[in-house]
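File shown: model-v6.csv. Contents: CSV, C-alpha atoms.
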```
chain,number,residue,atom,x,y,z
U,1,MET,CA,0.0,0.0,0.0
U,2,ALA,CA,1.1,3.6,-0.6
U,3,ASP,CA,3.1,5.3,2.1
U,4,ASP,CA,0.7,8.3,2.0
U,5,GLN,CA,-2.5,6.2,2.6
U,6,PRO,CA,-5.2,7.6,4.8
U,7,ASP,CA,-5.3,6.7,8.4
U,8,ILE,CA,-8.1,4.6,9.9
U,9,ARG,CA,-10.8,6.6,11.7
U,10,PRO,CA,-13.0,5.5,14.7
U,11,GLY,CA,-15.6,3.0,13.6
U,12,GLU,CA,-13.7,1.9,10.5
U,13,THR,CA,-12.7,-1.7,10.0
U,14,THR,CA,-10.2,-3.4,7.7
U,15,LEU,CA,-10.1,-6.7,5.9
U,16,GLY,CA,-7.0,-7.8,7.8
U,17,PHE,CA,-5.3,-8.4,4.5
U,18,ASP,CA,-4.2,-6.2,1.5
U,19,PRO,CA,-6.2,-6.9,-1.6
U,20,GLY,CA,-3.4,-5.3,-3.6
U,21,ALA,CA,-1.1,-8.1,-2.6
U,22,HIS,CA,-3.0,-10.7,-4.5
U,23,THR,CA,-3.3,-10.5,-8.3
U,24,ASP,CA,-6.3,-12.1,-10.1
U,25,ALA,CA,-6.1,-9.8,-13.1
U,26,THR,CA,-3.9,-6.9,-14.4
U,27,LEU,CA,-4.7,-3.5,-15.7
U,28,ARG,CA,-2.8,-1.6,-18.4
U,29,PHE,CA,-3.4,2.2,-18.1
U,30,ILE,CA,-4.5,3.6,-21.4
U,31,GLY,CA,-3.9,7.4,-20.8
U,32,ARG,CA,-4.2,10.2,-18.3
U,33,ILE,CA,-7.0,12.6,-17.2
U,34,HIS,CA,-6.0,16.2,-16.9
U,35,THR,CA,-7.8,18.6,-14.6
U,36,PRO,CA,-7.3,21.8,-12.7
U,37,TRP,CA,-7.5,19.9,-9.4
U,38,GLN,CA,-4.5,19.1,-7.1
U,39,ARG,CA,-4.5,17.2,-3.9
U,40,GLY,CA,-6.2,19.3,-1.1
U,41,ASP,CA,-8.2,21.3,-3.7
U,42,CYS,CA,-10.2,18.5,-5.4
U,43,PRO,CA,-14.0,18.4,-5.4
U,44,LYS,CA,-15.3,15.3,-3.6
U,45,ASN,CA,-17.8,14.2,-6.3
U,46,VAL,CA,-18.6,14.9,-9.9
U,47,THR,CA,-21.6,17.1,-9.0
U,48,SER,CA,-19.3,19.5,-7.1
U,49,ALA,CA,-16.8,19.3,-10.0
U,50,ARG,CA,-19.5,20.4,-12.5
U,51,GLU,CA,-20.5,23.3,-10.3
U,52,ARG,CA,-16.9,24.5,-9.8
U,53,ALA,CA,-16.1,24.1,-13.5
U,54,ALA,CA,-19.2,26.2,-14.4
U,55,ALA,CA,-18.1,28.9,-11.9
U,56,GLU,CA,-14.3,28.9,-12.3
U,57,GLY,CA,-13.8,27.5,-15.7
U,58,GLY,CA,-10.8,25.2,-16.3
U,59,GLN,CA,-9.7,22.6,-18.8
U,60,PHE,CA,-10.7,19.0,-18.5
U,61,THR,CA,-9.0,16.7,-21.0
U,62,VAL,CA,-8.2,13.0,-21.6
U,63,LYS,CA,-5.0,12.1,-23.4
U,64,LEU,CA,-4.7,8.5,-24.6
U,65,ASP,CA,-1.4,6.7,-24.8
U,66,GLU,CA,0.1,5.9,-28.1
U,67,GLY,CA,-1.9,3.4,-30.1
U,68,PHE,CA,-5.2,3.8,-28.4
U,69,ALA,CA,-6.6,6.8,-30.4
U,70,PRO,CA,-8.5,4.7,-33.0
U,71,GLY,CA,-10.6,3.4,-30.2
U,72,LEU,CA,-12.4,6.7,-30.2
U,73,ILE,CA,-13.9,6.3,-33.7
U,74,GLY,CA,-17.7,6.5,-33.4
U,75,LEU,CA,-17.7,8.9,-30.5
U,76,GLU,CA,-18.4,12.6,-31.0
U,77,PRO,CA,-18.9,15.9,-29.0
U,78,GLY,CA,-22.2,15.9,-27.0
U,79,ARG,CA,-22.0,12.1,-26.4
U,80,GLY,CA,-22.1,11.0,-22.8
U,81,ILE,CA,-19.4,8.5,-21.7
U,82,PHE,CA,-18.2,6.9,-18.5
U,83,LEU,CA,-14.5,7.3,-17.7
U,84,ILE,CA,-13.1,4.5,-15.5
U,85,TYR,CA,-9.9,5.5,-13.7
U,86,TRP,CA,-7.6,4.3,-11.0
U,87,MET,CA,-7.3,6.0,-7.6
U,88,HIS,CA,-3.7,5.0,-7.0
U,89,ARG,CA,-3.5,6.8,-3.6
U,90,ALA,CA,-6.3,4.8,-2.1
U,91,ARG,CA,-6.2,2.4,0.8
U,92,ARG,CA,-7.5,-1.0,-0.3
U,93,ASP,CA,-8.1,-2.8,3.0
U,94,LEU,CA,-10.9,-0.6,4.4
U,95,ILE,CA,-14.2,-2.6,4.4
U,96,THR,CA,-16.3,-0.2,6.6
U,97,GLN,CA,-15.7,3.5,6.5
U,98,ALA,CA,-16.8,6.6,8.5
U,99,PRO,CA,-17.1,9.4,6.0
U,100,ARG,CA,-17.1,12.9,7.5
U,101,HIS,CA,-20.7,13.5,6.3
U,102,ALA,CA,-22.1,10.3,7.9
U,103,GLN,CA,-23.1,9.6,11.5
U,104,TYR,CA,-22.2,5.9,11.4
U,105,ALA,CA,-19.6,3.7,9.7
U,106,ARG,CA,-20.9,2.2,6.5
U,107,GLY,CA,-19.8,-0.6,4.2
U,108,THR,CA,-17.3,0.4,1.5
U,109,PHE,CA,-19.7,-0.9,-1.2
U,110,SER,CA,-22.4,1.5,-0.1
U,111,LEU,CA,-20.0,4.4,-0.7
U,112,ARG,CA,-18.2,6.0,-3.7
U,113,SER,CA,-15.1,6.5,-1.6
U,114,PRO,CA,-11.8,6.0,-3.5
U,115,ASN,CA,-10.7,3.6,-0.6
U,116,ARG,CA,-12.0,0.2,-1.7
U,117,PRO,CA,-10.5,-3.3,-2.5
U,118,ASN,CA,-10.1,-2.4,-6.2
U,119,PRO,CA,-9.7,1.4,-6.3
U,120,LEU,CA,-11.6,2.0,-9.5
U,121,ALA,CA,-13.6,5.2,-9.9
U,122,MET,CA,-16.0,6.1,-12.6
U,123,SER,CA,-17.7,9.4,-13.7
U,124,ALA,CA,-20.3,10.2,-16.2
U,125,VAL,CA,-19.0,13.0,-18.4
U,126,THR,CA,-19.9,14.7,-21.7
U,127,ILE,CA,-17.5,15.0,-24.6
U,128,THR,CA,-16.9,18.6,-25.6
U,129,SER,CA,-14.2,17.9,-28.3
U,130,LEU,CA,-12.5,14.9,-29.7
U,131,ASP,CA,-9.6,14.1,-32.0
U,132,PRO,CA,-9.3,10.4,-33.0
U,133,GLU,CA,-6.0,11.2,-34.6
U,134,THR,CA,-4.2,12.4,-31.5
U,135,GLY,CA,-6.3,10.6,-28.9
U,136,GLU,CA,-7.3,13.8,-27.1
U,137,ILE,CA,-10.8,14.3,-25.7
U,138,GLY,CA,-12.2,17.4,-24.1
U,139,ILE,CA,-14.8,16.8,-21.4
U,140,ASP,CA,-17.2,19.0,-19.3
U,141,ALA,CA,-15.9,18.3,-15.8
U,142,ILE,CA,-14.6,15.5,-13.6
U,143,ASP,CA,-13.6,15.1,-9.9
U,144,CYS,CA,-10.1,13.6,-10.0
U,145,PHE,CA,-6.6,14.9,-9.6
U,146,ASP,CA,-4.6,16.1,-12.5
U,147,GLY,CA,-2.7,13.1,-14.0
U,148,THR,CA,-5.1,10.4,-12.8
U,149,PRO,CA,-4.5,7.2,-14.8
U,150,LEU,CA,-7.3,6.1,-17.1
U,151,VAL,CA,-8.4,2.5,-17.4
U,152,ASP,CA,-11.4,2.5,-19.8
U,153,ILE,CA,-13.9,4.6,-21.7
U,154,LYS,CA,-17.5,3.3,-22.2
U,155,PRO,CA,-20.4,5.0,-24.0
U,156,TRP,CA,-23.2,5.9,-21.6
U,157,THR,CA,-26.7,4.6,-22.5
U,158,ALA,CA,-29.7,5.6,-20.4
U,159,GLY,CA,-31.4,2.1,-20.7
U,160,VAL,CA,-28.3,0.2,-19.7
U,161,ASP,CA,-26.9,2.5,-17.1
U,162,THR,CA,-30.1,3.1,-15.1
U,163,PRO,CA,-31.3,0.5,-12.6
U,164,VAL,CA,-34.9,-0.6,-13.0
U,165,PRO,CA,-37.0,0.0,-9.8
U,166,LEU,CA,-38.5,-3.1,-8.3
U,167,ALA,CA,-42.2,-3.7,-9.0
U,168,GLU,CA,-44.5,-3.0,-6.1
U,169,GLY,CA,-45.5,-6.2,-4.5
R,1,MET,CA,-4.3,-13.9,-24.1
R,2,ALA,CA,-6.8,-16.7,-23.6
R,3,ASP,CA,-6.6,-19.7,-26.1
R,4,ASP,CA,-10.3,-19.3,-26.8
R,5,GLN,CA,-10.2,-15.6,-27.7
R,6,PRO,CA,-12.4,-14.4,-30.5
R,7,ASP,CA,-11.0,-14.2,-34.1
R,8,ILE,CA,-10.5,-10.9,-35.8
R,9,ARG,CA,-13.2,-10.0,-38.3
R,10,PRO,CA,-12.8,-7.9,-41.5
R,11,GLY,CA,-12.4,-4.2,-40.7
R,12,GLU,CA,-11.1,-4.9,-37.2
R,13,THR,CA,-7.7,-3.6,-36.1
R,14,THR,CA,-5.4,-4.5,-33.2
R,15,LEU,CA,-3.0,-2.5,-31.1
R,16,GLY,CA,-0.1,-4.6,-32.2
R,17,PHE,CA,0.6,-5.4,-28.6
R,18,ASP,CA,-1.2,-7.1,-25.7
R,19,PRO,CA,-2.3,-4.7,-23.0
R,20,GLY,CA,-2.5,-7.8,-20.7
R,21,ALA,CA,1.3,-8.2,-20.9
R,22,HIS,CA,2.0,-4.9,-19.1
R,23,THR,CA,0.9,-4.4,-15.5
R,24,ASP,CA,0.2,-0.9,-14.2
R,25,ALA,CA,-2.2,-2.0,-11.4
R,26,THR,CA,-3.6,-5.3,-10.1
R,27,LEU,CA,-7.1,-6.4,-9.3
R,28,ARG,CA,-8.2,-8.8,-6.6
R,29,PHE,CA,-11.5,-10.5,-7.4
R,30,ILE,CA,-14.0,-9.9,-4.5
R,31,GLY,CA,-16.6,-12.6,-5.4
R,32,ARG,CA,-18.6,-14.2,-8.2
R,33,ILE,CA,-21.8,-13.4,-10.1
R,34,HIS,CA,-24.2,-16.3,-10.5
R,35,THR,CA,-26.7,-16.3,-13.4
R,36,PRO,CA,-28.6,-18.8,-15.5
R,37,TRP,CA,-26.5,-17.9,-18.6
R,38,GLN,CA,-23.8,-20.1,-20.1
R,39,ARG,CA,-21.6,-19.4,-23.1
R,40,GLY,CA,-23.6,-19.5,-26.3
R,41,ASP,CA,-26.9,-18.7,-24.4
R,42,CYS,CA,-26.1,-15.4,-22.8
R,43,PRO,CA,-28.0,-12.1,-23.5
R,44,LYS,CA,-25.8,-9.5,-25.3
R,45,ASN,CA,-26.8,-6.6,-23.0
R,46,VAL,CA,-28.5,-5.9,-19.7
R,47,THR,CA,-31.8,-4.8,-21.4
R,48,SER,CA,-32.1,-8.2,-23.1
R,49,ALA,CA,-31.1,-9.9,-19.8
R,50,ARG,CA,-33.9,-8.0,-18.0
R,51,GLU,CA,-36.5,-9.1,-20.7
R,52,ARG,CA,-35.4,-12.7,-20.5
R,53,ALA,CA,-35.4,-12.7,-16.7
R,54,ALA,CA,-39.0,-11.4,-16.7
R,55,ALA,CA,-40.1,-14.0,-19.2
R,56,GLU,CA,-38.1,-17.0,-18.1
R,57,GLY,CA,-37.4,-16.3,-14.4
R,58,GLY,CA,-34.0,-17.5,-13.1
R,59,GLN,CA,-31.8,-16.6,-10.1
R,60,PHE,CA,-29.3,-13.8,-10.2
R,61,THR,CA,-27.0,-13.6,-7.2
R,62,VAL,CA,-23.7,-12.2,-6.1
R,63,LYS,CA,-21.6,-14.1,-3.6
R,64,LEU,CA,-18.8,-12.2,-2.0
R,65,ASP,CA,-15.5,-13.9,-1.0
R,66,GLU,CA,-14.7,-14.3,2.7
R,67,GLY,CA,-14.1,-11.0,4.5
R,68,PHE,CA,-15.9,-8.7,2.1
R,69,ALA,CA,-19.5,-9.1,3.5
R,70,PRO,CA,-19.3,-6.1,5.9
R,71,GLY,CA,-18.8,-3.9,2.8
R,72,LEU,CA,-22.5,-4.3,2.1
R,73,ILE,CA,-23.7,-2.4,5.3
R,74,GLY,CA,-25.8,0.5,4.2
R,75,LEU,CA,-27.2,-1.1,1.1
R,76,GLU,CA,-30.7,-2.6,1.0
R,77,PRO,CA,-33.3,-4.2,-1.3
R,78,GLY,CA,-34.6,-1.7,-3.9
R,79,ARG,CA,-31.3,0.1,-4.1
R,80,GLY,CA,-29.7,0.5,-7.5
R,81,ILE,CA,-26.0,-0.4,-7.8
R,82,PHE,CA,-23.4,-0.9,-10.4
R,83,LEU,CA,-21.6,-4.2,-10.5
R,84,ILE,CA,-18.2,-4.0,-12.1
R,85,TYR,CA,-16.9,-7.3,-13.3
R,86,TRP,CA,-14.1,-8.9,-15.3
R,87,MET,CA,-14.6,-10.5,-18.7
R,88,HIS,CA,-11.8,-13.0,-18.5
R,89,ARG,CA,-12.5,-14.5,-22.0
R,90,ALA,CA,-12.1,-11.2,-23.7
R,91,ARG,CA,-9.5,-10.2,-26.3
R,92,ARG,CA,-7.5,-7.2,-25.1
R,93,ASP,CA,-5.8,-6.0,-28.3
R,94,LEU,CA,-8.8,-5.1,-30.5
R,95,ILE,CA,-8.9,-1.3,-30.9
R,96,THR,CA,-11.5,-1.1,-33.7
R,97,GLN,CA,-14.3,-3.7,-33.9
R,98,ALA,CA,-17.0,-4.7,-36.4
R,99,PRO,CA,-20.0,-5.8,-34.3
R,100,ARG,CA,-22.6,-7.9,-36.2
R,101,HIS,CA,-25.2,-5.2,-35.8
R,102,ALA,CA,-23.0,-2.4,-37.3
R,103,GLN,CA,-22.2,-1.6,-40.9
R,104,TYR,CA,-18.7,-0.2,-40.2
R,105,ALA,CA,-15.9,-1.0,-37.8
R,106,ARG,CA,-16.0,1.4,-34.8
R,107,GLY,CA,-13.6,2.2,-32.0
R,108,THR,CA,-13.6,-0.1,-29.0
R,109,PHE,CA,-14.3,2.9,-26.7
R,110,SER,CA,-17.6,3.6,-28.6
R,111,LEU,CA,-18.8,0.1,-27.8
R,112,ARG,CA,-19.7,-1.9,-24.7
R,113,SER,CA,-18.0,-5.0,-26.2
R,114,PRO,CA,-16.2,-7.2,-23.6
R,115,ASN,CA,-13.2,-7.1,-26.0
R,116,ARG,CA,-11.2,-4.0,-24.8
R,117,PRO,CA,-7.7,-3.2,-23.4
R,118,ASN,CA,-9.0,-3.6,-19.8
R,119,PRO,CA,-11.9,-6.0,-20.1
R,120,LEU,CA,-14.0,-4.5,-17.3
R,121,ALA,CA,-17.8,-4.6,-17.7
R,122,MET,CA,-20.4,-2.8,-15.6
R,123,SER,CA,-24.2,-3.2,-15.3
R,124,ALA,CA,-26.8,-1.2,-13.4
R,125,VAL,CA,-28.9,-3.6,-11.3
R,126,THR,CA,-31.3,-3.5,-8.5
R,127,ILE,CA,-30.9,-5.3,-5.2
R,128,THR,CA,-33.7,-7.8,-4.5
R,129,SER,CA,-32.3,-9.3,-1.3
R,130,LEU,CA,-29.2,-8.8,0.8
R,131,ASP,CA,-27.4,-10.5,3.7
R,132,PRO,CA,-24.4,-8.5,5.1
R,133,GLU,CA,-23.6,-11.6,7.3
R,134,THR,CA,-23.0,-14.1,4.5
R,135,GLY,CA,-22.2,-11.6,1.7
R,136,GLU,CA,-25.0,-12.8,-0.6
R,137,ILE,CA,-27.0,-10.3,-2.7
R,138,GLY,CA,-30.0,-11.1,-4.9
R,139,ILE,CA,-30.3,-8.9,-8.0
R,140,ASP,CA,-32.9,-8.4,-10.7
R,141,ALA,CA,-31.0,-9.4,-13.8
R,142,ILE,CA,-27.5,-9.2,-15.4
R,143,ASP,CA,-26.0,-10.1,-18.8
R,144,CYS,CA,-22.9,-12.2,-17.8
R,145,PHE,CA,-22.0,-15.9,-17.6
R,146,ASP,CA,-22.5,-17.8,-14.5
R,147,GLY,CA,-19.3,-17.6,-12.3
R,148,THR,CA,-18.1,-14.2,-13.7
R,149,PRO,CA,-15.6,-12.7,-11.3
R,150,LEU,CA,-16.7,-9.5,-9.5
R,151,VAL,CA,-14.3,-6.5,-9.1
R,152,ASP,CA,-16.4,-3.8,-7.4
R,153,ILE,CA,-19.9,-2.7,-6.2
R,154,LYS,CA,-20.8,1.0,-6.3
R,155,PRO,CA,-24.1,2.6,-5.3
R,156,TRP,CA,-25.9,4.1,-8.3
R,157,THR,CA,-26.8,7.8,-8.0
R,158,ALA,CA,-28.8,9.6,-10.7
R,159,GLY,CA,-27.0,12.9,-10.4
R,160,VAL,CA,-23.5,11.4,-10.5
R,161,ASP,CA,-24.2,8.6,-13.1
R,162,THR,CA,-26.0,10.6,-15.7
R,163,PRO,CA,-24.0,12.9,-18.1
R,164,VAL,CA,-25.1,16.5,-18.3
R,165,PRO,CA,-26.0,17.5,-21.9
R,166,LEU,CA,-24.0,20.3,-23.4
R,167,ALA,CA,-25.6,23.8,-23.3
R,168,GLU,CA,-26.9,25.0,-26.7
R,169,GLY,CA,-24.5,27.4,-28.1
```

Using structure tokens, write down the structure from this file.
Amino acid sequence: MADDQPDIRPGETTLGFDPGAHTDATLRFIGRIHTPWQRGDCPKNVTSARERAAAEGGQFTVKLDEGFAPGLIGLEPGRGIFLIYWMHRARRDLITQAPRHAQYARGTFSLRSPNRPNPLAMSAVTITSLDPETGEIGIDAIDCFDGTPLVDIKPWTAGVDTPVPLAEG
Amino acid sequence: MADDQPDIRPGETTLGFDPGAHTDATLRFIGRIHTPWQRGDCPKNVTSARERAAAEGGQFTVKLDEGFAPGLIGLEPGRGIFLIYWMHRARRDLITQAPRHAQYARGTFSLRSPNRPNPLAMSAVTITSLDPETGEIGIDAIDCFDGTPLVDIKPWTAGVDTPVPLAEG
């Protein structure tokens, strides 16, 4: 685990092992996300990032690594996408967490905290510009540090990406 | 890459290298997804999976590995979640693809195909039952093979998980 990992707060519990020490599958980063945010000055969620971007401006871009640019063919400005990225500063062994906004500790899987067994994060963003030659994408706003490693891009689709409420019964 | 990886079709292009051969980060599987679907009889997307589940019935469950169950505290039946899982039979070097439903090859990042540099998939599902003691979750429906490895569970939130359309301008 990273040297600069967050400390444990009262009410929080750990797995007792480090999920990062066991490899079931490997990720290859495909690019980087560039934002105006640095550690200590980063919005806590994408809603807050959108508000600050609207108020303060700032550039939000994705730069794909060499070879991956043709993967953008078929996307265009205005399209909604999910960016999936890797929170490399996260702590992977926290299984319950006490976020500052919550009264009680809750399970990691009920939270969007970066601290989770596999520290993947995802944000729904909208493409503002796109160059499938250079592999550069402009996006509206996102809540991650400048330089965050990108893992995947998926097209957002309302029908697929919205849960269906349970029928009354 | 897996021995049983899909063949390349006309119009498809590869990266020329295998993203699976380079490790930037590692995943630890946290459980398995159980479905009625086997290879050759699996719906192509979650919409189709929901329709077949409504027509044919069938059990859809998640079983977490030992130690991860407390991560469910705070979730409950009726809650929408994203399951993020690993498509271990995927081909990782396809950067443009010619799906059967499309006239032209398109970039991998414009498709939800399992074949992608990091073969993560995600589906929005609704919790039907939940036991934070045993780590078992019932869900409404999902479009993956029985036994698919699970990587993460995240609570779905309309505001965060819906892209914001660009302003007219």

Can you give chain R as a tab-separated table (two decimals) with C-alpha atoms, in the coordinates of the input after you superpose it on chain U, pairing all C-alpha atoms in order for the least-squares fit?
```
chain	number	residue	atom	x	y	z
R	1	MET	CA	-0.01	-0.01	0.04
R	2	ALA	CA	1.05	3.56	-0.65
R	3	ASP	CA	3.12	5.35	2.15
R	4	ASP	CA	0.68	8.24	2.04
R	5	GLN	CA	-2.49	6.18	2.55
R	6	PRO	CA	-5.21	7.61	4.70
R	7	ASP	CA	-5.34	6.73	8.47
R	8	ILE	CA	-8.13	4.66	9.87
R	9	ARG	CA	-10.81	6.63	11.67
R	10	PRO	CA	-12.96	5.47	14.64
R	11	GLY	CA	-15.62	2.98	13.55
R	12	GLU	CA	-13.65	1.93	10.48
R	13	THR	CA	-12.68	-1.71	9.95
R	14	THR	CA	-10.13	-3.40	7.68
R	15	LEU	CA	-10.07	-6.72	5.90
R	16	GLY	CA	-7.02	-7.80	7.78
R	17	PHE	CA	-5.27	-8.31	4.50
R	18	ASP	CA	-4.25	-6.19	1.49
R	19	PRO	CA	-6.27	-6.93	-1.61
R	20	GLY	CA	-3.37	-5.27	-3.56
R	21	ALA	CA	-1.05	-8.14	-2.56
R	22	HIS	CA	-3.03	-10.76	-4.53
R	23	THR	CA	-3.31	-10.53	-8.31
R	24	ASP	CA	-6.30	-12.05	-10.09
R	25	ALA	CA	-6.12	-9.77	-13.18
R	26	THR	CA	-3.90	-6.91	-14.37
R	27	LEU	CA	-4.70	-3.50	-15.74
R	28	ARG	CA	-2.78	-1.54	-18.33
R	29	PHE	CA	-3.31	2.21	-18.03
R	30	ILE	CA	-4.56	3.61	-21.42
R	31	GLY	CA	-3.92	7.36	-20.77
R	32	ARG	CA	-4.23	10.19	-18.28
R	33	ILE	CA	-6.98	12.58	-17.15
R	34	HIS	CA	-5.96	16.22	-16.93
R	35	THR	CA	-7.88	18.58	-14.61
R	36	PRO	CA	-7.26	21.77	-12.68
R	37	TRP	CA	-7.50	19.87	-9.33
R	38	GLN	CA	-4.55	19.05	-7.10
R	39	ARG	CA	-4.55	17.17	-3.81
R	40	GLY	CA	-6.17	19.21	-1.08
R	41	ASP	CA	-8.21	21.27	-3.68
R	42	CYS	CA	-10.18	18.59	-5.43
R	43	PRO	CA	-14.04	18.37	-5.48
R	44	LYS	CA	-15.36	15.30	-3.57
R	45	ASN	CA	-17.82	14.25	-6.32
R	46	VAL	CA	-18.64	14.90	-9.94
R	47	THR	CA	-21.65	17.17	-9.07
R	48	SER	CA	-19.36	19.51	-7.11
R	49	ALA	CA	-16.77	19.29	-9.94
R	50	ARG	CA	-19.46	20.33	-12.46
R	51	GLU	CA	-20.49	23.37	-10.23
R	52	ARG	CA	-16.91	24.46	-9.82
R	53	ALA	CA	-16.15	24.06	-13.52
R	54	ALA	CA	-19.14	26.28	-14.38
R	55	ALA	CA	-18.09	28.91	-11.89
R	56	GLU	CA	-14.34	28.83	-12.24
R	57	GLY	CA	-13.80	27.47	-15.78
R	58	GLY	CA	-10.74	25.21	-16.24
R	59	GLN	CA	-9.70	22.58	-18.81
R	60	PHE	CA	-10.68	18.97	-18.51
R	61	THR	CA	-9.02	16.65	-21.00
R	62	VAL	CA	-8.18	13.03	-21.56
R	63	LYS	CA	-5.00	12.11	-23.37
R	64	LEU	CA	-4.74	8.57	-24.57
R	65	ASP	CA	-1.38	6.71	-24.70
R	66	GLU	CA	0.11	5.88	-28.10
R	67	GLY	CA	-1.91	3.34	-30.09
R	68	PHE	CA	-5.24	3.79	-28.35
R	69	ALA	CA	-6.56	6.82	-30.40
R	70	PRO	CA	-8.44	4.71	-33.01
R	71	GLY	CA	-10.60	3.40	-30.13
R	72	LEU	CA	-12.39	6.74	-30.15
R	73	ILE	CA	-13.95	6.31	-33.70
R	74	GLY	CA	-17.67	6.53	-33.36
R	75	LEU	CA	-17.73	8.91	-30.45
R	76	GLU	CA	-18.39	12.63	-30.90
R	77	PRO	CA	-18.92	15.91	-29.01
R	78	GLY	CA	-22.19	15.86	-27.00
R	79	ARG	CA	-21.94	12.16	-26.34
R	80	GLY	CA	-22.10	10.99	-22.75
R	81	ILE	CA	-19.44	8.49	-21.62
R	82	PHE	CA	-18.16	6.91	-18.51
R	83	LEU	CA	-14.51	7.30	-17.70
R	84	ILE	CA	-13.17	4.56	-15.49
R	85	TYR	CA	-10.01	5.48	-13.71
R	86	TRP	CA	-7.60	4.29	-11.03
R	87	MET	CA	-7.23	5.96	-7.64
R	88	HIS	CA	-3.64	5.04	-7.01
R	89	ARG	CA	-3.48	6.84	-3.58
R	90	ALA	CA	-6.32	4.84	-2.20
R	91	ARG	CA	-6.27	2.42	0.75
R	92	ARG	CA	-7.42	-1.03	-0.34
R	93	ASP	CA	-8.14	-2.76	2.99
R	94	LEU	CA	-10.92	-0.56	4.43
R	95	ILE	CA	-14.17	-2.57	4.40
R	96	THR	CA	-16.29	-0.25	6.58
R	97	GLN	CA	-15.69	3.53	6.49
R	98	ALA	CA	-16.81	6.58	8.49
R	99	PRO	CA	-17.09	9.43	5.97
R	100	ARG	CA	-17.14	12.95	7.52
R	101	HIS	CA	-20.67	13.53	6.32
R	102	ALA	CA	-22.09	10.31	7.92
R	103	GLN	CA	-23.04	9.59	11.51
R	104	TYR	CA	-22.18	5.86	11.37
R	105	ALA	CA	-19.54	3.75	9.68
R	106	ARG	CA	-20.97	2.16	6.49
R	107	GLY	CA	-19.78	-0.56	4.15
R	108	THR	CA	-17.29	0.41	1.48
R	109	PHE	CA	-19.67	-0.94	-1.22
R	110	SER	CA	-22.39	1.58	-0.11
R	111	LEU	CA	-20.00	4.44	-0.75
R	112	ARG	CA	-18.22	5.97	-3.74
R	113	SER	CA	-15.06	6.47	-1.61
R	114	PRO	CA	-11.77	5.95	-3.54
R	115	ASN	CA	-10.73	3.69	-0.62
R	116	ARG	CA	-11.97	0.18	-1.72
R	117	PRO	CA	-10.47	-3.29	-2.46
R	118	ASN	CA	-10.12	-2.39	-6.19
R	119	PRO	CA	-9.76	1.37	-6.22
R	120	LEU	CA	-11.55	1.95	-9.53
R	121	ALA	CA	-13.58	5.17	-9.89
R	122	MET	CA	-16.03	6.07	-12.65
R	123	SER	CA	-17.68	9.38	-13.66
R	124	ALA	CA	-20.33	10.19	-16.24
R	125	VAL	CA	-19.06	13.04	-18.45
R	126	THR	CA	-19.87	14.65	-21.67
R	127	ILE	CA	-17.52	14.98	-24.61
R	128	THR	CA	-16.82	18.60	-25.59
R	129	SER	CA	-14.20	17.95	-28.26
R	130	LEU	CA	-12.54	14.90	-29.74
R	131	ASP	CA	-9.60	14.07	-32.02
R	132	PRO	CA	-9.35	10.33	-33.00
R	133	GLU	CA	-5.94	11.18	-34.65
R	134	THR	CA	-4.13	12.39	-31.54
R	135	GLY	CA	-6.31	10.63	-28.92
R	136	GLU	CA	-7.29	13.85	-27.11
R	137	ILE	CA	-10.83	14.31	-25.73
R	138	GLY	CA	-12.21	17.46	-24.10
R	139	ILE	CA	-14.80	16.81	-21.38
R	140	ASP	CA	-17.14	18.95	-19.32
R	141	ALA	CA	-15.92	18.28	-15.82
R	142	ILE	CA	-14.54	15.47	-13.58
R	143	ASP	CA	-13.67	15.11	-9.87
R	144	CYS	CA	-10.09	13.63	-10.00
R	145	PHE	CA	-6.53	14.95	-9.62
R	146	ASP	CA	-4.62	16.09	-12.54
R	147	GLY	CA	-2.63	13.12	-14.06
R	148	THR	CA	-5.06	10.37	-12.82
R	149	PRO	CA	-4.48	7.22	-14.82
R	150	LEU	CA	-7.33	6.14	-17.13
R	151	VAL	CA	-8.43	2.44	-17.36
R	152	ASP	CA	-11.43	2.47	-19.73
R	153	ILE	CA	-13.97	4.60	-21.71
R	154	LYS	CA	-17.51	3.27	-22.19
R	155	PRO	CA	-20.39	4.98	-24.00
R	156	TRP	CA	-23.18	5.93	-21.59
R	157	THR	CA	-26.64	4.56	-22.46
R	158	ALA	CA	-29.73	5.49	-20.42
R	159	GLY	CA	-31.41	2.13	-20.71
R	160	VAL	CA	-28.33	0.10	-19.75
R	161	ASP	CA	-26.92	2.53	-17.06
R	162	THR	CA	-30.05	3.16	-15.10
R	163	PRO	CA	-31.35	0.49	-12.61
R	164	VAL	CA	-34.93	-0.61	-13.02
R	165	PRO	CA	-36.95	-0.04	-9.80
R	166	LEU	CA	-38.48	-3.09	-8.24
R	167	ALA	CA	-42.19	-3.75	-9.03
R	168	GLU	CA	-44.55	-2.99	-6.10
R	169	GLY	CA	-45.52	-6.16	-4.52
```

**Study point:** chain R contacts to chain U at 8 Å (only C-alpha atoms) as a count of residues only
**Key:** 58

Point to revise | Shell of 12 Å around Pro36 of chain R, all atoms listed in the file, local chain residues under 5 positions omitted, as a PyMOL selection string | key: chain R and resi 41-43+49+52-53+56-61+141-148

Exercise for review: Between R:Leu64, R:Leu130, R:Ala98, R:Ile137, single out the one closest to Glu12 of chain R, counting all atoms listed in the file.
Suggested key: R:Ala98

Exercise for review: Kindly give the distance, in Å, that separates atom CA of Gly11 of chain R and atom CA of Ala90 of chain R, rounded to a single decimal.
Suggested key: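 Distance between the two atoms: 18.4 Å.
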
Check your understanding: What is the atom CA of Thr35 of chain R to atom CA of Met87 of chain R distance in Å?
Key -> 14.4 Å

Review point. At what distance in Å, to one decimal, does atom CA of Val62 of chain U lie from atom CA of Asn115 of chain U?
Key: 23.1 Å
